[in-house]
file upload39.tsv (TSV, C-alpha atoms and all ligand atoms)
chain	number	residue	atom	x	y	z
V	953	MET	CA	-199.23	-107.69	-75.31
V	954	GLY	CA	-201.49	-105.04	-76.78
V	955	TYR	CA	-198.67	-103.90	-79.05
V	956	LEU	CA	-199.12	-106.77	-81.48
V	957	ARG	CA	-201.66	-107.30	-84.24
V	958	PRO	CA	-204.16	-109.73	-82.67
V	959	ASP	CA	-203.98	-112.10	-85.66
V	960	ILE	CA	-200.18	-112.27	-85.41
V	961	ALA	CA	-200.32	-112.81	-81.64
V	962	ALA	CA	-202.83	-115.64	-82.17
V	963	MET	CA	-201.21	-117.41	-85.13
V	964	ASN	CA	-199.08	-120.55	-85.00
V	965	GLY	CA	-195.70	-120.00	-86.65
V	966	TYR	CA	-194.38	-122.43	-89.25
V	967	VAL	CA	-192.36	-125.30	-87.79
V	968	PRO	CA	-189.44	-126.21	-90.08
V	969	GLY	CA	-188.05	-129.74	-90.23
V	970	PHE	CA	-185.84	-130.68	-87.26
V	971	GLN	CA	-182.15	-129.73	-87.63
V	972	PRO	CA	-180.25	-131.72	-84.98
V	973	PRO	CA	-177.31	-129.82	-83.43
V	974	ASP	CA	-175.06	-132.93	-83.73
V	975	VAL	CA	-175.96	-133.27	-87.41
V	976	ALA	CA	-172.86	-135.31	-88.33
V	977	SER	CA	-173.92	-138.23	-86.11
V	978	TRP	CA	-177.25	-138.67	-87.92
V	979	ILE	CA	-178.34	-140.03	-91.26
V	980	LYS	CA	-180.48	-137.03	-92.03
V	981	LEU	CA	-183.35	-137.83	-94.40
V	982	ASN	CA	-185.98	-135.42	-93.09
V	983	THR	CA	-185.65	-132.12	-95.02
V	984	ASN	CA	-184.78	-133.18	-98.59
V	985	GLU	CA	-181.28	-131.74	-98.51
V	986	ASN	CA	-178.78	-132.98	-101.08
V	987	PRO	CA	-176.44	-135.69	-99.72
V	988	TYR	CA	-173.61	-134.53	-102.02
V	989	PRO	CA	-171.69	-131.27	-101.56
V	990	PRO	CA	-172.15	-128.40	-104.04
V	991	SER	CA	-169.82	-128.10	-107.03
V	992	PRO	CA	-166.15	-127.46	-106.11
V	993	LYS	CA	-166.47	-124.37	-108.33
V	994	VAL	CA	-168.98	-122.99	-105.82
V	995	VAL	CA	-166.44	-123.25	-103.03
V	996	GLU	CA	-163.78	-121.60	-105.23
V	997	ALA	CA	-166.15	-118.77	-106.14
V	998	ILE	CA	-167.08	-118.10	-102.51
V	999	LEU	CA	-163.42	-118.05	-101.43
V	1000	ALA	CA	-162.49	-115.78	-104.35
V	1001	GLU	CA	-165.31	-113.38	-103.47
V	1002	LEU	CA	-164.28	-113.36	-99.81
V	1003	GLY	CA	-160.58	-112.79	-100.56
V	1004	SER	CA	-157.87	-113.32	-97.97
V	1005	ASP	CA	-158.92	-110.42	-95.75
V	1006	GLY	CA	-162.66	-110.27	-96.37
V	1007	ALA	CA	-162.38	-106.69	-97.62
V	1008	SER	CA	-165.10	-107.29	-100.23
V	1009	LEU	CA	-167.61	-107.59	-97.40
V	1010	ARG	CA	-167.21	-103.89	-96.54
V	1011	THR	CA	-169.36	-102.90	-99.48
V	1012	TYR	CA	-172.95	-103.78	-100.30
V	1013	PRO	CA	-173.59	-106.53	-102.82
V	1014	SER	CA	-175.23	-105.94	-106.19
V	1015	ALA	CA	-178.80	-104.85	-105.47
V	1016	SER	CA	-180.17	-106.27	-108.72
V	1017	SER	CA	-178.25	-109.60	-108.82
V	1018	GLN	CA	-178.19	-108.93	-112.55
V	1019	ILE	CA	-175.37	-111.38	-113.32
V	1020	LEU	CA	-177.39	-114.14	-111.64
V	1021	ARG	CA	-180.51	-113.27	-113.65
V	1022	GLU	CA	-178.42	-113.50	-116.81
V	1023	ALA	CA	-176.95	-116.88	-115.83
V	1024	ALA	CA	-180.42	-118.22	-114.97
V	1025	GLY	CA	-181.82	-116.71	-118.18
V	1026	VAL	CA	-179.28	-118.60	-120.30
V	1027	LEU	CA	-179.97	-121.82	-118.44
V	1028	TYR	CA	-183.78	-121.69	-118.60
V	1029	GLY	CA	-184.18	-119.93	-121.95
V	1030	PHE	CA	-185.68	-116.63	-120.75
V	1031	ASP	CA	-184.69	-112.99	-121.06
V	1032	PRO	CA	-183.26	-111.79	-117.69
V	1033	SER	CA	-186.21	-109.36	-117.40
V	1034	TRP	CA	-188.37	-112.46	-116.77
V	1035	ILE	CA	-186.29	-113.56	-113.76
V	1036	ILE	CA	-185.93	-112.44	-110.14
V	1037	MET	CA	-183.44	-113.90	-107.67
V	1038	ALA	CA	-184.47	-114.53	-104.09
V	1039	ASN	CA	-183.01	-115.24	-100.67
V	1040	GLY	CA	-184.36	-118.79	-100.87
V	1041	SER	CA	-187.55	-119.44	-102.85
V	1042	ASP	CA	-189.41	-118.84	-99.57
V	1043	GLU	CA	-188.68	-115.12	-99.98
V	1044	VAL	CA	-190.24	-114.90	-103.42
V	1045	LEU	CA	-193.27	-117.00	-102.37
V	1046	ASN	CA	-193.85	-114.45	-99.62
V	1047	ASN	CA	-193.44	-111.50	-102.00
V	1048	LEU	CA	-195.86	-112.99	-104.53
V	1049	ILE	CA	-198.54	-112.94	-101.84
V	1050	ARG	CA	-197.59	-109.41	-100.77
V	1051	ALA	CA	-197.74	-108.24	-104.40
V	1052	CYS	CA	-201.14	-109.75	-105.19
V	1053	ALA	CA	-203.31	-110.46	-102.14
V	1054	GLY	CA	-204.66	-107.66	-99.98
V	1055	GLU	CA	-206.20	-108.13	-96.55
V	1056	GLY	CA	-209.06	-110.62	-96.62
V	1057	GLN	CA	-208.44	-111.66	-100.23
V	1058	ASP	CA	-208.14	-115.33	-101.14
V	1059	VAL	CA	-204.94	-117.32	-101.40
V	1060	GLY	CA	-205.26	-121.03	-102.17
V	1061	TYR	CA	-203.10	-124.12	-102.17
V	1062	VAL	CA	-203.31	-127.90	-102.30
V	1063	HIS	CA	-203.31	-129.92	-99.13
V	1064	PRO	CA	-201.10	-131.85	-98.63
V	1065	SER	CA	-198.32	-129.72	-100.06
V	1066	TYR	CA	-196.07	-127.02	-98.60
V	1067	SER	CA	-197.94	-125.61	-95.61
V	1068	TYR	CA	-195.68	-122.55	-95.41
V	1069	TYR	CA	-197.90	-120.88	-98.08
V	1070	SER	CA	-200.62	-120.77	-95.46
V	1071	THR	CA	-198.39	-119.15	-92.84
V	1072	LEU	CA	-197.19	-116.54	-95.35
V	1073	ALA	CA	-200.76	-115.71	-96.39
V	1074	GLU	CA	-201.87	-115.40	-92.76
V	1075	ILE	CA	-199.08	-112.92	-92.04
V	1076	GLN	CA	-200.46	-110.73	-94.84
V	1077	GLY	CA	-203.97	-111.03	-93.41
V	1078	ALA	CA	-205.12	-112.84	-96.57
V	1079	ALA	CA	-207.85	-115.49	-96.39
V	1080	VAL	CA	-206.41	-118.97	-96.90
V	1081	CYS	CA	-208.28	-121.82	-98.52
V	1082	SER	CA	-206.84	-125.28	-99.08
V	1083	TYR	CA	-208.07	-127.91	-101.55
V	1084	GLY	CA	-207.67	-131.64	-100.95
V	1085	LEU	CA	-206.42	-134.30	-103.33
V	1086	THR	CA	-208.42	-137.16	-104.81
V	1087	ASP	CA	-206.97	-140.71	-104.86
V	1088	ALA	CA	-206.12	-140.08	-108.53
V	1089	PHE	CA	-204.03	-137.02	-107.51
V	1090	THR	CA	-206.35	-134.39	-108.92
V	1091	ILE	CA	-207.47	-131.38	-106.87
V	1092	GLU	CA	-210.72	-131.97	-105.04
V	1093	ALA	CA	-213.62	-129.61	-105.79
V	1094	PHE	CA	-211.48	-127.03	-107.58
V	1095	PRO	CA	-213.85	-124.40	-108.99
V	1096	GLU	CA	-214.41	-124.06	-112.73
V	1097	GLN	CA	-213.35	-120.43	-112.28
V	1098	TYR	CA	-211.06	-119.82	-109.31
V	1099	HIS	CA	-211.24	-116.22	-108.13
V	1100	GLY	CA	-208.46	-116.19	-105.51
V	1101	LYS	CA	-205.55	-113.79	-106.02
V	1102	VAL	CA	-202.87	-116.47	-105.84
V	1103	PHE	CA	-203.01	-120.25	-106.11
V	1104	PHE	CA	-199.93	-122.28	-105.20
V	1105	LEU	CA	-199.35	-125.60	-106.94
V	1106	THR	CA	-196.41	-127.63	-105.68
V	1107	THR	CA	-195.39	-129.89	-108.52
V	1108	PRO	CA	-193.73	-132.28	-108.14
V	1109	ASN	CA	-195.72	-132.46	-104.91
V	1110	SER	CA	-194.16	-132.61	-101.48
V	1111	PRO	CA	-194.66	-134.70	-99.37
V	1112	LEU	CA	-196.13	-137.21	-101.85
V	1113	GLY	CA	-193.57	-136.97	-104.68
V	1114	PHE	CA	-195.86	-137.25	-107.72
V	1115	ALA	CA	-196.05	-134.57	-110.44
V	1116	PHE	CA	-199.27	-133.22	-111.95
V	1117	PRO	CA	-199.51	-133.83	-115.74
V	1118	LEU	CA	-198.68	-130.74	-117.82
V	1119	GLU	CA	-202.13	-130.72	-119.46
V	1120	TYR	CA	-203.69	-130.64	-116.01
V	1121	ILE	CA	-201.50	-127.72	-114.91
V	1122	GLU	CA	-202.38	-125.89	-118.12
V	1123	GLU	CA	-206.10	-126.31	-117.39
V	1124	LEU	CA	-205.53	-124.84	-113.92
V	1125	ALA	CA	-203.76	-121.85	-115.47
V	1126	GLN	CA	-206.84	-121.28	-117.64
V	1127	ASN	CA	-209.20	-121.64	-114.66
V	1128	CYS	CA	-207.30	-119.29	-112.34
V	1129	GLY	CA	-208.41	-115.66	-112.38
V	1130	GLY	CA	-205.34	-114.72	-110.32
V	1131	LEU	CA	-201.76	-115.94	-110.39
V	1132	LEU	CA	-200.97	-119.62	-110.64
V	1133	VAL	CA	-197.65	-120.05	-108.82
V	1134	ILE	CA	-196.06	-123.36	-109.80
V	1135	ASP	CA	-193.57	-124.23	-107.06
V	1136	GLU	CA	-190.99	-126.38	-108.85
V	1137	ALA	CA	-188.64	-126.90	-105.90
V	1138	TYR	CA	-188.14	-130.53	-107.08
V	1139	ALA	CA	-188.40	-130.14	-110.88
V	1140	ASP	CA	-184.72	-130.94	-111.43
V	1141	PHE	CA	-185.45	-134.52	-110.29
V	1142	ALA	CA	-188.50	-134.86	-112.56
V	1143	ASP	CA	-189.06	-135.98	-116.16
V	1144	TYR	CA	-190.60	-132.64	-117.20
V	1145	ASN	CA	-191.34	-129.12	-115.96
V	1146	ALA	CA	-193.84	-126.34	-116.59
V	1147	LEU	CA	-191.54	-123.57	-117.85
V	1148	GLU	CA	-193.28	-123.45	-121.26
V	1149	LEU	CA	-196.50	-122.39	-119.49
V	1150	VAL	CA	-194.81	-119.18	-118.27
V	1151	LYS	CA	-194.39	-118.17	-121.91
V	1152	LYS	CA	-197.93	-119.19	-122.82
V	1153	TYR	CA	-200.02	-117.74	-119.94
V	1154	ASP	CA	-199.59	-114.31	-118.39
V	1155	ASN	CA	-200.79	-115.48	-114.96
V	1156	VAL	CA	-198.24	-118.28	-114.57
V	1157	VAL	CA	-195.19	-117.96	-112.31
V	1158	VAL	CA	-192.63	-120.73	-111.78
V	1159	THR	CA	-190.43	-120.75	-108.66
V	1160	ARG	CA	-187.22	-122.73	-108.27
V	1161	THR	CA	-184.73	-123.22	-105.46
V	1162	LEU	CA	-181.01	-124.05	-105.35
V	1163	SER	CA	-181.53	-125.64	-101.92
V	1164	LYS	CA	-182.19	-129.18	-103.07
V	1165	SER	CA	-180.81	-130.03	-106.53
V	1166	TYR	CA	-177.81	-127.65	-106.25
V	1167	ALA	CA	-177.03	-128.63	-102.63
V	1168	LEU	CA	-177.14	-125.00	-101.45
V	1169	ALA	CA	-179.83	-124.98	-98.74
V	1170	GLY	CA	-177.34	-123.23	-96.46
V	1171	MET	CA	-176.78	-120.33	-98.91
V	1172	ARG	CA	-180.49	-119.42	-99.30
V	1173	LEU	CA	-180.93	-119.08	-103.07
V	1174	GLY	CA	-184.12	-119.26	-105.10
V	1175	LEU	CA	-185.72	-117.58	-108.08
V	1176	ALA	CA	-188.97	-116.91	-109.89
V	1177	ILE	CA	-189.69	-116.79	-113.62
V	1178	ALA	CA	-192.65	-114.71	-114.80
V	1179	ARG	CA	-193.71	-111.87	-117.11
V	1180	PRO	CA	-191.56	-108.73	-116.76
V	1181	GLU	CA	-194.55	-106.80	-115.27
V	1182	ILE	CA	-194.75	-109.31	-112.42
V	1183	ILE	CA	-190.96	-109.33	-111.96
V	1184	ALA	CA	-190.98	-105.50	-111.81
V	1185	ALA	CA	-193.60	-105.56	-109.03
V	1186	LEU	CA	-191.61	-108.16	-107.08
V	1187	ASP	CA	-188.51	-105.98	-107.46
V	1188	LYS	CA	-190.32	-103.07	-105.80
V	1189	ILE	CA	-191.22	-104.98	-102.66
V	1190	ARG	CA	-188.19	-107.17	-101.97
V	1191	ASP	CA	-185.35	-106.12	-99.67
V	1192	HIS	CA	-183.05	-104.17	-101.97
V	1193	TYR	CA	-179.97	-106.18	-100.91
V	1194	ASN	CA	-181.77	-109.50	-100.64
V	1195	LEU	CA	-178.80	-111.66	-101.70
V	1196	ASP	CA	-175.46	-111.33	-99.95
V	1197	ARG	CA	-172.14	-111.28	-101.85
V	1198	LEU	CA	-171.18	-114.85	-101.06
V	1199	ALA	CA	-174.58	-116.18	-102.09
V	1200	GLN	CA	-174.37	-114.29	-105.39
V	1201	ALA	CA	-170.94	-115.73	-106.14
V	1202	ALA	CA	-172.09	-119.24	-105.21
V	1203	CYS	CA	-175.21	-118.97	-107.36
V	1204	VAL	CA	-173.44	-118.06	-110.60
V	1205	ALA	CA	-170.82	-120.80	-110.12
V	1206	ALA	CA	-173.49	-123.40	-109.33
V	1207	LEU	CA	-175.70	-122.57	-112.32
V	1208	GLN	CA	-172.69	-122.57	-114.65
V	1209	ASP	CA	-171.39	-125.99	-113.60
V	1210	GLN	CA	-174.11	-128.00	-115.28
V	1211	ALA	CA	-171.92	-131.09	-115.72
V	1212	TYR	CA	-171.49	-131.43	-111.94
V	1213	PHE	CA	-175.16	-130.62	-111.34
V	1214	ARG	CA	-176.44	-133.22	-113.80
V	1215	GLU	CA	-174.22	-135.94	-112.37
V	1216	SER	CA	-175.38	-135.18	-108.82
V	1217	CYS	CA	-179.07	-135.32	-109.88
V	1218	ARG	CA	-178.44	-138.52	-111.85
V	1219	LYS	CA	-176.99	-140.29	-108.80
V	1220	ILE	CA	-179.92	-139.23	-106.61
V	1221	ILE	CA	-182.49	-140.38	-109.18
V	1222	GLU	CA	-180.69	-143.71	-109.61
V	1223	THR	CA	-180.65	-144.25	-105.82
V	1224	ARG	CA	-184.32	-143.21	-105.60
V	1225	GLU	CA	-185.35	-145.82	-108.17
V	1226	TRP	CA	-183.28	-148.53	-106.46
V	1227	PHE	CA	-184.64	-147.62	-102.99
V	1228	THR	CA	-188.21	-147.62	-104.33
V	1229	ARG	CA	-187.79	-151.14	-105.75
V	1230	GLU	CA	-186.22	-152.41	-102.52
V	1231	LEU	CA	-188.94	-150.91	-100.29
V	1232	THR	CA	-191.63	-152.34	-102.54
V	1233	SER	CA	-190.04	-155.78	-102.30
V	1234	ILE	CA	-190.35	-155.73	-98.49
V	1235	GLY	CA	-194.05	-154.86	-98.64
V	1236	TYR	CA	-193.98	-151.07	-98.50
V	1237	ASP	CA	-196.37	-149.05	-100.62
V	1238	VAL	CA	-194.24	-146.38	-102.36
V	1239	ILE	CA	-195.66	-143.57	-104.50
V	1240	PRO	CA	-193.56	-143.33	-107.70
V	1241	SER	CA	-191.43	-140.23	-107.10
V	1242	GLN	CA	-190.35	-137.34	-109.35
V	1243	THR	CA	-188.34	-135.79	-106.50
V	1244	ASN	CA	-185.38	-136.45	-104.20
V	1245	PHE	CA	-187.57	-138.22	-101.62
V	1246	VAL	CA	-190.17	-140.96	-101.46
V	1247	PHE	CA	-193.44	-141.16	-99.55
V	1248	ALA	CA	-193.58	-144.73	-98.28
V	1249	THR	CA	-196.17	-146.62	-96.25
V	1250	PRO	CA	-195.09	-149.67	-94.22
V	1251	PRO	CA	-197.19	-152.86	-94.34
V	1252	ASP	CA	-198.83	-152.09	-90.95
V	1253	LYS	CA	-199.53	-148.48	-92.04
V	1254	ASN	CA	-197.93	-147.22	-88.83
V	1255	GLY	CA	-195.61	-144.35	-89.76
V	1256	LYS	CA	-194.99	-143.43	-86.12
V	1257	ARG	CA	-193.68	-146.90	-85.25
V	1258	VAL	CA	-191.17	-146.89	-88.09
V	1259	TYR	CA	-190.21	-143.25	-87.44
V	1260	THR	CA	-189.41	-144.07	-83.81
V	1261	ALA	CA	-187.43	-147.21	-84.65
V	1262	LEU	CA	-185.33	-145.32	-87.23
V	1263	TYR	CA	-184.84	-142.45	-84.78
V	1264	GLU	CA	-183.38	-144.88	-82.25
V	1265	HIS	CA	-180.81	-145.85	-84.91
V	1266	LYS	CA	-180.01	-142.15	-85.48
V	1267	ILE	CA	-181.82	-142.03	-88.81
V	1268	LEU	CA	-184.07	-139.02	-89.14
V	1269	VAL	CA	-187.02	-139.11	-91.57
V	1270	ARG	CA	-190.14	-136.96	-91.77
V	1271	LEU	CA	-193.33	-138.01	-89.99
V	1272	LEU	CA	-196.01	-135.52	-90.95
V	1273	SER	CA	-198.32	-134.19	-88.26
V	1274	ASP	CA	-201.39	-134.42	-90.50
V	1275	PRO	CA	-203.44	-137.50	-89.48
V	1276	LEU	CA	-204.16	-138.09	-93.20
V	1277	LEU	CA	-200.45	-138.84	-93.69
V	1278	ALA	CA	-199.67	-140.67	-90.44
V	1279	HIS	CA	-199.69	-144.05	-92.22
V	1280	GLY	CA	-196.45	-143.24	-94.00
V	1281	LEU	CA	-193.14	-141.39	-93.95
V	1282	ARG	CA	-191.38	-138.96	-96.24
V	1283	ILE	CA	-187.83	-140.23	-96.67
V	1284	SER	CA	-185.24	-138.05	-98.43
V	1285	ILE	CA	-182.84	-139.80	-100.78
V	1286	GLY	CA	-179.32	-139.77	-99.34
V	1287	THR	CA	-176.18	-141.42	-100.68
V	1288	ARG	CA	-176.39	-145.05	-101.79
V	1289	GLU	CA	-174.59	-146.07	-98.52
V	1290	GLU	CA	-177.02	-144.10	-96.35
V	1291	MET	CA	-179.99	-145.70	-98.10
V	1292	GLU	CA	-178.47	-149.19	-97.76
V	1293	THR	CA	-178.08	-148.62	-94.01
V	1294	THR	CA	-181.64	-147.34	-93.80
V	1295	LEU	CA	-182.98	-150.28	-95.78
V	1296	ALA	CA	-181.13	-152.79	-93.58
V	1297	ILE	CA	-182.75	-151.31	-90.47
V	1298	LEU	CA	-186.19	-151.22	-92.09
V	1299	LYS	CA	-185.79	-154.94	-92.86
V	1300	LYS	CA	-184.72	-155.65	-89.29
V	1301	ILE	CA	-187.63	-153.81	-87.63
V	1302	GLY	CA	-190.17	-155.35	-90.04
G	1	LIG	C1	-187.68	-126.69	-99.92
G	1	LIG	C2	-188.93	-126.08	-100.51
G	1	LIG	C3	-189.06	-124.70	-100.63
G	1	LIG	C4	-188.08	-123.74	-100.01
G	1	LIG	O1	-186.99	-123.53	-100.74
G	1	LIG	P1	-185.89	-122.50	-100.22
G	1	LIG	O2	-185.31	-122.03	-101.50
G	1	LIG	O3	-184.93	-123.30	-99.39
G	1	LIG	O4	-186.56	-121.40	-99.47
G	1	LIG	C5	-190.18	-124.20	-101.27
G	1	LIG	N1	-191.15	-125.01	-101.71
G	1	LIG	C6	-191.08	-126.34	-101.57
G	1	LIG	C7	-192.19	-127.19	-102.07
G	1	LIG	C8	-189.98	-126.91	-100.96
G	1	LIG	O5	-189.91	-128.22	-100.78

call {"tool": "encode", "arguments": {"input": "upload39.tsv", "output": "structure tokens", "more": "lines below"}}
Ligand SMILES: *Cc1c(COP(=O)(O)O)cnc(C)c1O
result
Amino acid sequence: MGYLRPDIAAMNGYVPGFQPPDVASWIKLNTNENPYPPSPKVVEAILAELGSDGASLRTYPSASSQILREAAGVLYGFDPSWIIMANGSDEVLNNLIRACAGEGQDVGYVHPSYSYYSTLAEIQGAAVCSYGLTDAFTIEAFPEQYHGKVFFLTTPNSPLGFAFPLEYIEELAQNCGGLLVIDEAYADFADYNALELVKKYDNVVVTRTLSKSYALAGMRLGLAIARPEIIAALDKIRDHYNLDRLAQAACVAALQDQAYFRESCRKIIETREWFTRELTSIGYDVIPSQTNFVFATPPDKNGKRVYTALYEHKILVRLLSDPLLAHGLRISIGTREEMETTLAILKKIG
């Protein structure tokens, strides 16, 4: 196929977590979705937007998503000019690379973290460089002055679940010549976040998603918070109608129902802490988590064995392809009942 760019023809696409077609017959703990439904106000808002005959869908949605930026601005304490809404945070991660890294220029990230950064950078023809983690969860051999155009820091980290200390993130911001993109997909489950660094450093961007903590993975909603100059550049390159009408309605309702949101996060954190204690008591090594999942290593350090045994009981967890992580599993936190079932099977299979 001589029509294609050779690098695109040669690249491996990103492989998302498995979504079984008969999803209702599984306990699904492999892609960090929320086990609870979104706020009832989200459902009301979507139905109201749709109307009885769907006539609202004839016309284009708001191109700016301004009402969403205002709702997010109130929630996070920023002027709306510091916020851009995205069709999932994946969209804005992609556009940050497009805005900053030209062909052959460096984009960096931590390995292990979210490997989609690498795919997105490859598509732009950027040069990708990953940095490992030390046993103390610091970045291995990170240069005193990093000259890449964009560096992605997933914190709290996925798949390991720990969060980098704020002072450490701040040092990185000072050492990065380009943008430091702090991917806070899991920050709502953590004890702290890095939003104050956006105000303090002009190269810091924070991204968030409504997929996990707001239970809206199926609506595709994310956002970025950064200086207005960066937001203005991102606005130039995004699809002009990047958020559909129903997603916009859902987003405002979700962000405004903080009571429901906080209760949902509280239940997940409580279950996470209980599950961590239980796993530890049966000999698993569990990294203390600041997210809605745990990375857990069974006593025989054989992630594949436990993955397969759980799979046979229709429980789906994440076994990572990287040999460095094959000793363990990433297990999303489901409802208390789902985790009790999972724990009972883990005890049975030893
Ligand atoms: C889930 C996740 C995303 C993607 O979020 P979407 O808003 O669903 O696109 C981005 N980064 C990390 C680290 C994630 O875990």

call {"tool": "closest_atom_pairs", "arguments": {"input": "upload39.tsv", "of": "region 1091-1206 of chain V", "to": "region 1028-1048 of chain V", "cutoff": "7 Å", "atoms": "all atoms listed in the file", "output": "JSON lines"}}
result
{"residue": "V:Thr1159", "atom": "CA", "partner": "V:Ser1041", "partner_atom": "CA", "distance": 6.6}
{"residue": "V:Arg1160", "atom": "CA", "partner": "V:Ser1041", "partner_atom": "CA", "distance": 6.3}
{"residue": "V:Thr1161", "atom": "CA", "partner": "V:Ser1041", "partner_atom": "CA", "distance": 5.4}
{"residue": "V:Arg1172", "atom": "CA", "partner": "V:Gly1040", "partner_atom": "CA", "distance": 4.2}
{"residue": "V:Leu1173", "atom": "CA", "partner": "V:Gly1040", "partner_atom": "CA", "distance": 4.1}
{"residue": "V:Gly1174", "atom": "CA", "partner": "V:Ser1041", "partner_atom": "CA", "distance": 4.1}
{"residue": "V:Leu1175", "atom": "CA", "partner": "V:Met1037", "partner_atom": "CA", "distance": 4.3}
{"residue": "V:Ala1176", "atom": "CA", "partner": "V:Ile1036", "partner_atom": "CA", "distance": 5.4}
{"residue": "V:Ile1177", "atom": "CA", "partner": "V:Ile1035", "partner_atom": "CA", "distance": 4.7}
{"residue": "V:Ala1178", "atom": "CA", "partner": "V:Trp1034", "partner_atom": "CA", "distance": 5.2}
{"residue": "V:Arg1179", "atom": "CA", "partner": "V:Trp1034", "partner_atom": "CA", "distance": 5.4}
{"residue": "V:Pro1180", "atom": "CA", "partner": "V:Trp1034", "partner_atom": "CA", "distance": 4.9}
{"residue": "V:Ile1183", "atom": "CA", "partner": "V:Ile1036", "partner_atom": "CA", "distance": 6.2}
{"residue": "V:Leu1186", "atom": "CA", "partner": "V:Asn1047", "partner_atom": "CA", "distance": 6.3}
{"residue": "V:Ile1189", "atom": "CA", "partner": "V:Asn1047", "partner_atom": "CA", "distance": 6.9}
{"residue": "V:Arg1190", "atom": "CA", "partner": "V:Asn1047", "partner_atom": "CA", "distance": 6.8}
{"residue": "V:Asn1194", "atom": "CA", "partner": "V:Asn1039", "partner_atom": "CA", "distance": 5.9}
{"residue": "V:Leu1195", "atom": "CA", "partner": "V:Asn1039", "partner_atom": "CA", "distance": 5.6}

call {"tool": "residues_around", "arguments": {"input": "upload39.tsv", "residues": "region 1104-1110 of chain V", "least_positions_apart": "5", "cutoff": "7 Å", "atoms": "all atoms listed in the file", "output": "number ranges by chain"}}
result
V: 1060-1062, 1065-1066, 1115-1116, 1132-1136, 1138-1139, 1242-1243

call {"tool": "atom_distance", "arguments": {"input": "upload39.tsv", "atom1": "CA of Ala962 (chain V)", "atom2": "CA of His1063 (chain V)"}}
result
22.2 Å

call {"tool": "closest_residue", "arguments": {"input": "upload39.tsv", "among": "V:Ile979, V:Ile1049, V:Val994, V:Leu1268", "to": "Glu1290 (chain V)", "atoms": "all atoms listed in the file"}}
result
V:Ile979

call {"tool": "closest_residue", "arguments": {"input": "upload39.tsv", "among": "V:Ser1284, V:Ser977, V:Asn1127, V:Ser1070", "to": "His1265 (chain V)", "atoms": "all atoms listed in the file"}}
result
V:Ser977

call {"tool": "residues_around", "arguments": {"input": "upload39.tsv", "residues": "Arg1229 (chain V)", "least_positions_apart": "6", "cutoff": "10 Å", "atoms": "only C-alpha atoms", "output": "list in words"}}
result
Thr1223, Tyr1236, Val1238 and Pro1240 of chain V

call {"tool": "atom_distance", "arguments": {"input": "upload39.tsv", "atom1": "CA of Gly1280 (chain V)", "atom2": "CA of Ala1296 (chain V)"}}
result
18.1 Å

call {"tool": "decode", "arguments": {"input": "upload39.tsv", "residues": "region 979-1014 of chain V", "atoms": "C-alpha atoms", "output": "compact mmCIF listing (two decimals), in the first residue's frame"}}
result
# COMPACT_ATOMS: atom_id res chain seq x y z
CA ILE V 979 -17.16 -9.06 36.88
CA LYS V 980 -15.22 -6.51 34.90
CA LEU V 981 -12.15 -5.22 36.74
CA ASN V 982 -9.81 -4.63 33.81
CA THR V 983 -10.28 -1.02 32.60
CA ASN V 984 -10.84 0.99 35.80
CA GLU V 985 -14.44 1.85 35.02
CA ASN V 986 -16.66 2.99 37.89
CA PRO V 987 -18.86 0.18 39.28
CA TYR V 988 -21.62 2.66 40.19
CA PRO V 989 -23.82 4.43 37.64
CA PRO V 990 -23.44 8.18 37.03
CA SER V 991 -25.59 10.64 38.98
CA PRO V 992 -29.35 10.34 38.28
CA LYS V 993 -29.14 14.04 37.35
CA VAL V 994 -26.92 13.05 34.43
CA VAL V 995 -29.60 10.75 33.07
CA GLU V 996 -32.24 13.48 33.53
CA ALA V 997 -30.06 16.02 31.74
CA ILE V 998 -29.41 13.71 28.79
CA LEU V 999 -33.13 12.91 28.43
CA ALA V 1000 -34.05 16.60 28.70
CA GLU V 1001 -31.49 17.51 26.03
CA LEU V 1002 -32.75 14.74 23.75
CA GLY V 1003 -36.43 15.66 24.18
CA SER V 1004 -39.24 13.34 23.18
CA ASP V 1005 -38.58 13.55 19.44
CA GLY V 1006 -34.83 14.14 19.35
CA ALA V 1007 -35.32 17.41 17.49
CA SER V 1008 -32.40 19.01 19.36
CA LEU V 1009 -30.06 16.68 17.49
CA ARG V 1010 -30.81 18.44 14.18
CA THR V 1011 -28.57 21.33 15.13
CA TYR V 1012 -24.87 21.40 15.95
CA PRO V 1013 -23.85 21.51 19.59
CA SER V 1014 -22.06 24.46 21.17
